[in-house]
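Reviewing the structure listed below.
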Amino acid sequence: MLRFLESMQFMLFVFFTAAYAYQIVYLFVGLIGKGRGGRENAKLHRYAAVVAARNESAVIANLIRTLKEQNYPSELLDIYVIADNCTDNTAQISRQAGAYVYERFNKVQVGKGYALEYLFHHIFEDKGETAYDGFFVFDADNIVDRDFVREMNKMFDTGEYTALTSYRNSQNFCANWISAGYALWFLRESRFLNRPRTQLGVNCAVSGTGFLVSAQAVREDAGWPYHLLTEDIQFSVHEILQGRKVAFAPDAVLYDEQPTTFRQSWRQRMRWSQGYLQVFRDYGARLLRGIFRGSFSCFDMSMAIMPAFVLSTVSILVNLTLGVVGALAGDNLLVAFESVGQMLLNMYLTLLVLGGITTITEWKNI
């Protein structure tokens with residue numbers, strides 16, 4: 001039993017290492033590469049910023065203010081808020097701040113995806129399908145750098161990309177260790193995942209907020225038909241499978257609000273985990289076919305939506321199950337716990353090193 005346990009653990013280790021080894025290349029590209037920029041003499045496109053908000057009266061005016069203060073012609077940027085099932089005065093505050101506001105009350109079709117679909121439908125109906133070249137998507141608790149729209153426009157004007165994601169920084173890095181951990185995770189995603197992806201021609205994944213999607217893509221998709229728990233990842237996977245390009249604009253900076261309690265973090269990560277599994281359930285077969293056709297973007301996205309914690313969970317279950325069986329057969333149960341402990345220690349050390357590298361390289365942005 002002991003030999004079988006060790007063999008299973010070794011096979012899981014080999015599979016895990018092989019599946020994620022490519023991210024070492026991303027790490028080196030992120031360290032030495034400068035990132036891909038856009039056109040300095042870019043045409044100024046017309047955009048709409050859209051925000052799905054539910055009871056966000058405390059923060060939404062700050063986002064609207066930073067969008068109003070953009071270093072970009074105000075007549076080329078409209079702001080829309082969908083006040084979704086609100087019980088506070090989010091709609092009133094948004095109107096006073098200068099946004100176009102729609103209100104939605106639907107207790108059956110609940111979620112950001114449904115709210116955005118409703119909003120896009122009404123924008124097209126009221127303004128026409130060709131009123132805007134692209135749509136920015138934000139969460140209500142965001143604020144943006146003054147040059148955010150201008151930097152995104154430089155990349156968008158190249159005509160190469162259907163969607164763009166931004167540099168996701170944090171408003172509350174120093175609140176506590178939980179918010180700092182989240183902030184480092186998103187800084188690492190920007191510097192050592194999305195920047196190398198764009199440099200190497202691999203598709204990026206948008207991360208829920210601070211992204212731009214072309215109006216043409218929204219029209220072709222008949223709105224926003226992405227309603228899973230992680231609708232941003234669902235959208236990203238759909239773009240890859242449609243042969244569209246999603247890239248990273250390194251100089252477009254968004255500031256996000258991170259969780260500060262373990263309870264908030266647990267709920268959010270459980271939601272993400274469930275959403276990843278939903279996406280893999282619905283798109284996994286097509287991603288696998290894309291891998292066999294030679295699409296590295298499909299492979300990369302498969303690793304993103306079937307993340308390391310799944311393999312880790314499988315490893316823990318295998319070790320504990322075999323350990324219990326072995327103990328019943330007379331083997332030492334401590335062997336299983338030692339194996340699990342070693343695996344968790346290795347994971348922690350890996351994340352600690354990545355966090356340290358990110359802290360050093362991105363220190364000026366923290």
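Each chain of the structure tokens is named A, B, ... in the order shown, its residues numbered from 1; ligands are numbered from 1 in display order.
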Handout entry: Contact residues around Gln234 (chain A) with only C-alpha atoms at 12 Å, ignoring same-chain residues under 4 positions, as a VMD selection string
Key = chain A and resid 113 205 to 208 224 to 230 238 to 241 272 275 to 284 287 301 to 302 304 to 305
Practice task
Could you give me, as number ranges by chain, each residue of region 9-227 of chain A that DSSP assigns to strand (DSSP E) when run on this structure's backbone?
Solution key: A: 47-53, 77-84, 100-104, 134-139, 143-144, 163-170, 211-214
Using only N, CA and C atoms, please write the residues we just selected to a file, as a short mmCIF file (atom, residue, chain, number, x, y, z; two decimals), in the first residue's frame.
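Produced file selection34.cif, reproduced below:
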```cif
data_model
loop_
_atom_site.label_atom_id
_atom_site.label_comp_id
_atom_site.auth_asym_id
_atom_site.auth_seq_id
_atom_site.Cartn_x
_atom_site.Cartn_y
_atom_site.Cartn_z
N TYR A 47 -16.92 55.51 -26.97
CA TYR A 47 -17.13 54.41 -26.04
C TYR A 47 -18.29 54.69 -25.09
N ALA A 48 -18.79 53.59 -24.52
CA ALA A 48 -19.71 53.66 -23.40
C ALA A 48 -19.11 52.85 -22.26
N ALA A 49 -19.13 53.41 -21.07
CA ALA A 49 -18.72 52.68 -19.86
C ALA A 49 -19.99 52.15 -19.20
N VAL A 50 -20.06 50.85 -18.95
CA VAL A 50 -21.25 50.25 -18.38
C VAL A 50 -20.92 49.66 -17.01
N VAL A 51 -21.85 49.86 -16.07
CA VAL A 51 -21.66 49.42 -14.70
C VAL A 51 -22.93 48.72 -14.21
N ALA A 52 -22.79 47.47 -13.82
CA ALA A 52 -23.90 46.75 -13.19
C ALA A 52 -23.76 46.93 -11.69
N ALA A 53 -24.77 47.54 -11.06
CA ALA A 53 -24.65 47.90 -9.64
C ALA A 53 -25.87 47.45 -8.87
N LEU A 77 -17.25 59.64 -24.52
CA LEU A 77 -17.38 58.65 -23.45
C LEU A 77 -18.67 58.88 -22.68
N ASP A 78 -19.62 57.99 -22.84
CA ASP A 78 -20.87 58.03 -22.07
C ASP A 78 -20.81 56.98 -20.97
N ILE A 79 -21.54 57.23 -19.89
CA ILE A 79 -21.53 56.34 -18.73
C ILE A 79 -22.95 55.84 -18.47
N TYR A 80 -23.08 54.52 -18.38
CA TYR A 80 -24.37 53.90 -18.13
C TYR A 80 -24.30 53.04 -16.87
N VAL A 81 -25.34 53.14 -16.07
CA VAL A 81 -25.46 52.31 -14.87
C VAL A 81 -26.76 51.52 -14.96
N ILE A 82 -26.69 50.22 -14.73
CA ILE A 82 -27.88 49.41 -14.57
C ILE A 82 -28.04 49.14 -13.08
N ALA A 83 -29.01 49.81 -12.45
CA ALA A 83 -29.29 49.60 -11.04
C ALA A 83 -30.13 48.33 -10.93
N ASP A 84 -29.49 47.25 -10.53
CA ASP A 84 -30.07 45.91 -10.64
C ASP A 84 -30.63 45.44 -9.30
N TYR A 100 -26.16 57.86 -17.33
CA TYR A 100 -27.46 57.40 -17.79
C TYR A 100 -27.82 56.16 -16.96
N VAL A 101 -29.02 56.11 -16.46
CA VAL A 101 -29.38 55.04 -15.53
C VAL A 101 -30.62 54.29 -16.01
N TYR A 102 -30.51 52.96 -15.98
CA TYR A 102 -31.65 52.09 -16.18
C TYR A 102 -31.84 51.28 -14.89
N GLU A 103 -33.08 50.99 -14.58
CA GLU A 103 -33.36 50.20 -13.39
C GLU A 103 -34.00 48.87 -13.80
N ARG A 104 -33.59 47.82 -13.13
CA ARG A 104 -34.06 46.47 -13.46
C ARG A 104 -34.49 45.77 -12.17
N GLY A 134 -17.03 50.61 -28.76
CA GLY A 134 -16.70 49.63 -27.75
C GLY A 134 -17.35 49.96 -26.42
N PHE A 135 -17.34 48.97 -25.52
CA PHE A 135 -17.94 49.13 -24.20
C PHE A 135 -16.92 48.75 -23.13
N PHE A 136 -16.73 49.66 -22.16
CA PHE A 136 -15.95 49.34 -20.97
C PHE A 136 -16.90 48.75 -19.93
N VAL A 137 -16.43 47.74 -19.22
CA VAL A 137 -17.23 47.10 -18.17
C VAL A 137 -16.51 47.28 -16.84
N PHE A 138 -17.22 47.85 -15.88
CA PHE A 138 -16.64 48.11 -14.56
C PHE A 138 -17.55 47.57 -13.46
N ASP A 139 -16.95 47.34 -12.28
CA ASP A 139 -17.71 47.14 -11.06
C ASP A 139 -17.84 48.50 -10.36
N ILE A 143 -12.19 52.52 -9.17
CA ILE A 143 -11.83 53.84 -9.67
C ILE A 143 -10.75 53.61 -10.72
N VAL A 144 -10.58 54.56 -11.63
CA VAL A 144 -9.64 54.35 -12.73
C VAL A 144 -8.66 55.51 -12.83
N ALA A 163 -11.23 42.28 -27.54
CA ALA A 163 -11.40 42.70 -26.14
C ALA A 163 -10.03 42.98 -25.54
N LEU A 164 -10.02 43.83 -24.51
CA LEU A 164 -8.79 44.19 -23.81
C LEU A 164 -9.05 44.16 -22.31
N THR A 165 -8.07 43.68 -21.58
CA THR A 165 -8.12 43.76 -20.13
C THR A 165 -7.04 44.72 -19.65
N SER A 166 -7.14 45.18 -18.43
CA SER A 166 -6.29 46.26 -17.94
C SER A 166 -5.41 45.81 -16.79
N TYR A 167 -4.57 46.74 -16.33
CA TYR A 167 -3.69 46.49 -15.19
C TYR A 167 -4.51 46.68 -13.92
N ARG A 168 -4.76 45.60 -13.21
CA ARG A 168 -5.69 45.62 -12.07
C ARG A 168 -4.92 45.83 -10.77
N ASN A 169 -4.97 47.04 -10.28
CA ASN A 169 -4.31 47.39 -9.03
C ASN A 169 -5.36 47.42 -7.91
N SER A 170 -4.95 47.80 -6.72
CA SER A 170 -5.85 47.74 -5.56
C SER A 170 -5.93 49.08 -4.85
N PHE A 211 -12.43 45.95 -18.22
CA PHE A 211 -12.10 45.46 -19.55
C PHE A 211 -12.95 46.16 -20.60
N LEU A 212 -12.48 46.05 -21.84
CA LEU A 212 -13.13 46.67 -22.99
C LEU A 212 -13.49 45.58 -23.99
N VAL A 213 -14.70 45.63 -24.51
CA VAL A 213 -15.13 44.70 -25.55
C VAL A 213 -15.67 45.51 -26.71
N SER A 214 -15.35 45.10 -27.93
CA SER A 214 -15.80 45.84 -29.10
C SER A 214 -17.31 45.74 -29.25
#
```
Problem - Residue neighbourhood Ile32 (chain A), 12 Å, only C-alpha atoms, exclusion window fewer than 4 positions, as a PyMOL selection string - result: chain A and resi 25-28+191-192+195-196+199+361
Dump as a CSV table (one decimal), in the first residue's frame, selection limited to all heavy atoms:
```csv
chain,number,residue,atom,x,y,z
A,25,VAL,N,7.9,30.0,-18.3
A,25,VAL,CA,8.2,30.9,-19.4
A,25,VAL,C,7.6,32.2,-19.3
A,25,VAL,O,8.2,33.3,-19.5
A,25,VAL,CB,7.8,30.2,-20.7
A,25,VAL,CG1,8.0,31.1,-21.9
A,25,VAL,CG2,8.5,28.8,-20.9
A,26,TYR,N,6.3,32.2,-18.9
A,26,TYR,CA,5.6,33.5,-18.7
A,26,TYR,C,6.3,34.3,-17.6
A,26,TYR,O,6.4,35.6,-17.8
A,26,TYR,CB,4.2,33.2,-18.1
A,26,TYR,CG,3.2,32.8,-19.2
A,26,TYR,CD1,3.5,32.7,-20.5
A,26,TYR,CD2,1.8,32.5,-18.8
A,26,TYR,CE1,2.5,32.3,-21.4
A,26,TYR,CE2,0.9,32.1,-19.7
A,26,TYR,CZ,1.2,32.0,-21.0
A,26,TYR,OH,0.3,31.6,-22.0
A,27,LEU,N,6.8,33.7,-16.6
A,27,LEU,CA,7.6,34.4,-15.5
A,27,LEU,C,8.8,35.1,-16.1
A,27,LEU,O,9.0,36.3,-15.8
A,27,LEU,CB,8.0,33.5,-14.4
A,27,LEU,CG,8.8,34.0,-13.3
A,27,LEU,CD1,7.9,35.0,-12.5
A,27,LEU,CD2,9.2,32.9,-12.3
A,28,PHE,N,9.6,34.5,-16.9
A,28,PHE,CA,10.8,35.1,-17.5
A,28,PHE,C,10.4,36.2,-18.5
A,28,PHE,O,11.0,37.2,-18.5
A,28,PHE,CB,11.7,34.0,-18.1
A,28,PHE,CG,12.5,33.2,-17.1
A,28,PHE,CD1,12.1,31.9,-16.8
A,28,PHE,CD2,13.6,33.8,-16.5
A,28,PHE,CE1,12.9,31.2,-15.9
A,28,PHE,CE2,14.3,33.1,-15.6
A,28,PHE,CZ,14.0,31.8,-15.3
A,191,ARG,N,1.2,41.2,-14.5
A,191,ARG,CA,2.7,41.3,-14.9
A,191,ARG,C,3.1,39.9,-15.5
A,191,ARG,O,3.9,39.9,-16.5
A,191,ARG,CB,3.5,41.7,-13.7
A,191,ARG,CG,5.0,41.7,-14.0
A,191,ARG,CD,5.5,42.8,-14.9
A,191,ARG,NE,6.9,42.7,-15.1
A,191,ARG,CZ,7.8,43.5,-14.5
A,191,ARG,NH1,7.4,44.3,-13.5
A,191,ARG,NH2,9.0,43.4,-14.8
A,192,PHE,N,2.7,38.8,-14.9
A,192,PHE,CA,3.3,37.6,-15.2
A,192,PHE,C,2.4,36.6,-15.9
A,192,PHE,O,2.8,35.4,-16.2
A,192,PHE,CB,3.9,36.9,-13.9
A,192,PHE,CG,5.0,37.7,-13.3
A,192,PHE,CD1,4.9,38.4,-12.1
A,192,PHE,CD2,6.2,37.9,-14.0
A,192,PHE,CE1,5.9,39.1,-11.6
A,192,PHE,CE2,7.3,38.7,-13.5
A,192,PHE,CZ,7.1,39.3,-12.3
A,195,ARG,N,0.5,40.0,-19.4
A,195,ARG,CA,1.6,40.7,-20.2
A,195,ARG,C,2.3,39.7,-21.1
A,195,ARG,O,2.5,39.9,-22.3
A,195,ARG,CB,2.5,41.5,-19.3
A,195,ARG,CG,3.3,42.5,-20.2
A,195,ARG,CD,4.0,43.6,-19.3
A,195,ARG,NE,5.4,43.2,-19.0
A,195,ARG,CZ,6.2,43.9,-18.3
A,195,ARG,NH1,5.9,45.1,-17.9
A,195,ARG,NH2,7.4,43.5,-18.1
A,196,PRO,N,2.8,38.6,-20.5
A,196,PRO,CA,3.5,37.6,-21.4
A,196,PRO,C,2.5,37.0,-22.4
A,196,PRO,O,3.0,36.8,-23.6
A,196,PRO,CB,3.9,36.6,-20.4
A,196,PRO,CG,4.1,37.3,-19.1
A,196,PRO,CD,3.0,38.3,-19.1
A,199,GLN,N,2.4,39.5,-25.3
A,199,GLN,CA,3.7,39.5,-26.0
A,199,GLN,C,3.9,38.2,-26.9
A,199,GLN,O,4.5,38.3,-27.9
A,199,GLN,CB,4.9,39.6,-25.0
A,199,GLN,CG,5.0,40.9,-24.3
A,199,GLN,CD,6.2,41.0,-23.4
A,199,GLN,OE1,6.1,41.0,-22.2
A,199,GLN,NE2,7.4,41.1,-24.0
A,361,THR,N,9.0,43.4,-8.1
A,361,THR,CA,8.9,44.0,-9.4
A,361,THR,C,7.8,45.0,-9.5
A,361,THR,O,7.9,46.0,-10.3
A,361,THR,CB,8.6,42.9,-10.5
A,361,THR,OG1,7.4,42.1,-10.1
A,361,THR,CG2,9.8,41.9,-10.6
```
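For the residues A:Gln216, A:Gln23, A:Gln242, A:Ser190, ranking by smallest atom-to-atom distance to Tyr132 (chain A) using only C-alpha atoms places A:Gln216 first.
Taking only C-alpha atoms into account, Tyr22 (chain A) lies nearest to A:Ser297 out of the set A:Asn85, A:Gln96, A:Asn62, A:Ser297.
Distance annotation: of A:Ala222, A:Cys298, A:Leu345, A:Leu44, the residue with the minimal separation from Val149 (chain A) is A:Leu44; atom set is only C-alpha atoms.
Nearest to Trp185 (chain A) of all the residues A:Leu254, A:Leu344, A:Ala97, A:Leu352 is A:Leu352, counting only C-alpha atoms.
Relative to CA of Gly181 (chain A), CA of Leu351 (chain A) is found at 10.4 Å.
Between Lys43 (chain A) and the residues A:Glu125, A:Arg150, A:Leu119, A:Val59, the shortest atom-to-atom distance, using only C-alpha atoms, involves A:Arg150.
Straight-line separation from CA of Ile60 (chain A) to CA of Ser94 (chain A): 6.9 Å.
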Practice task
Give me, please, the distance in Å between CA of Ser265 (chain A) and CA of Ala252 (chain A), quoted to one decimal.
Solution key: 26.0 Å
Nearby residues (only C-alpha atoms) at most 12 Å from Arg263 (chain A), same-chain spacing under 6 positions excluded, as a compact mmCIF listing (two decimals) with N, CA and C atoms, in the first residue's frame:
```
# COMPACT_ATOMS: atom_id res chain seq x y z
N ILE A 178 -5.29 39.91 4.08
CA ILE A 178 -6.21 39.34 3.09
C ILE A 178 -6.26 40.22 1.85
N ARG A 269 -14.14 33.06 -3.24
CA ARG A 269 -13.35 31.99 -3.86
C ARG A 269 -14.19 30.73 -4.10
N MET A 270 -15.14 30.47 -3.25
CA MET A 270 -16.05 29.35 -3.51
C MET A 270 -16.89 29.63 -4.75
```
Exercise for the section: Give me every helix (DSSP H, G or I) residue in region 49-224 of chain A, going by DSSP on the backbone, as number ranges by chain. Expected result: A: 60-68, 74-76, 90-97, 112-127, 148-156, 177-200, 215-220
Output file for the residues above (C-alpha atoms, as a compact mmCIF listing (two decimals), in the first residue's frame):
```
# COMPACT_ATOMS: atom_id res chain seq x y z
CA ILE A 60 -20.55 54.35 -7.30
CA ALA A 61 -20.19 58.15 -7.40
CA ASN A 62 -16.41 57.76 -7.05
CA LEU A 63 -16.21 55.58 -10.15
CA ILE A 64 -18.39 57.95 -12.17
CA ARG A 65 -16.27 60.89 -11.04
CA THR A 66 -13.02 59.26 -12.21
CA LEU A 67 -14.64 58.42 -15.55
CA LYS A 68 -15.80 62.01 -15.91
CA SER A 74 -15.99 63.77 -22.73
CA GLU A 75 -18.25 63.74 -25.77
CA LEU A 76 -16.70 60.39 -26.76
CA THR A 90 -27.95 53.80 -6.23
CA ALA A 91 -30.00 54.95 -9.24
CA GLN A 92 -30.52 58.46 -7.86
CA ILE A 93 -26.87 58.95 -6.93
CA SER A 94 -25.73 57.68 -10.33
CA ARG A 95 -28.02 60.14 -12.15
CA GLN A 96 -26.81 63.01 -9.99
CA ALA A 97 -23.21 62.05 -10.78
CA LYS A 112 -24.31 40.47 -13.38
CA GLY A 113 -24.59 38.70 -16.72
CA TYR A 114 -28.35 39.19 -16.88
CA ALA A 115 -28.00 42.82 -15.81
CA LEU A 116 -25.46 43.54 -18.56
CA GLU A 117 -27.62 41.76 -21.14
CA TYR A 118 -30.57 43.97 -20.14
CA LEU A 119 -28.42 47.10 -20.33
CA PHE A 120 -26.91 46.31 -23.75
CA HIS A 121 -30.38 45.60 -25.12
CA HIS A 122 -31.64 49.01 -24.02
CA ILE A 123 -28.54 50.87 -25.19
CA PHE A 124 -28.90 49.37 -28.66
CA GLU A 125 -32.62 50.09 -28.65
CA ASP A 126 -32.29 53.70 -27.48
CA LYS A 127 -28.99 54.77 -29.06
CA PHE A 148 -7.27 54.69 -18.50
CA VAL A 149 -9.51 55.26 -21.53
CA ARG A 150 -6.75 56.85 -23.60
CA GLU A 151 -4.38 53.92 -22.99
CA MET A 152 -7.07 51.34 -23.78
CA ASN A 153 -7.92 53.27 -26.93
CA LYS A 154 -4.30 53.04 -28.12
CA MET A 155 -4.49 49.24 -28.03
CA PHE A 156 -8.03 49.06 -29.38
CA TRP A 177 -3.08 40.51 4.93
CA ILE A 178 -6.21 39.34 3.09
CA SER A 179 -6.52 42.43 0.91
CA ALA A 180 -2.75 42.41 0.35
CA GLY A 181 -2.89 38.79 -0.80
CA TYR A 182 -5.66 39.56 -3.27
CA ALA A 183 -3.84 42.63 -4.56
CA LEU A 184 -0.64 40.66 -5.14
CA TRP A 185 -2.60 37.96 -6.96
CA PHE A 186 -4.02 40.48 -9.45
CA LEU A 187 -0.68 42.28 -9.83
CA ARG A 188 0.93 38.93 -10.63
CA GLU A 189 -1.86 38.17 -13.12
CA SER A 190 -1.16 41.46 -14.89
CA ARG A 191 2.65 41.28 -14.91
CA PHE A 192 3.34 37.56 -15.20
CA LEU A 193 0.29 36.17 -16.98
CA ASN A 194 -1.50 38.71 -19.15
CA ARG A 195 1.55 40.72 -20.23
CA PRO A 196 3.47 37.62 -21.40
CA ARG A 197 0.34 36.27 -23.06
CA THR A 198 -0.01 39.40 -25.17
CA GLN A 199 3.70 39.47 -25.99
CA LEU A 200 3.58 35.83 -27.11
CA ALA A 215 -19.35 46.82 -29.96
CA GLN A 216 -19.10 44.55 -33.01
CA ALA A 217 -18.55 41.50 -30.78
CA VAL A 218 -21.52 42.47 -28.58
CA ARG A 219 -23.70 42.84 -31.69
CA GLU A 220 -22.56 39.51 -33.11
```
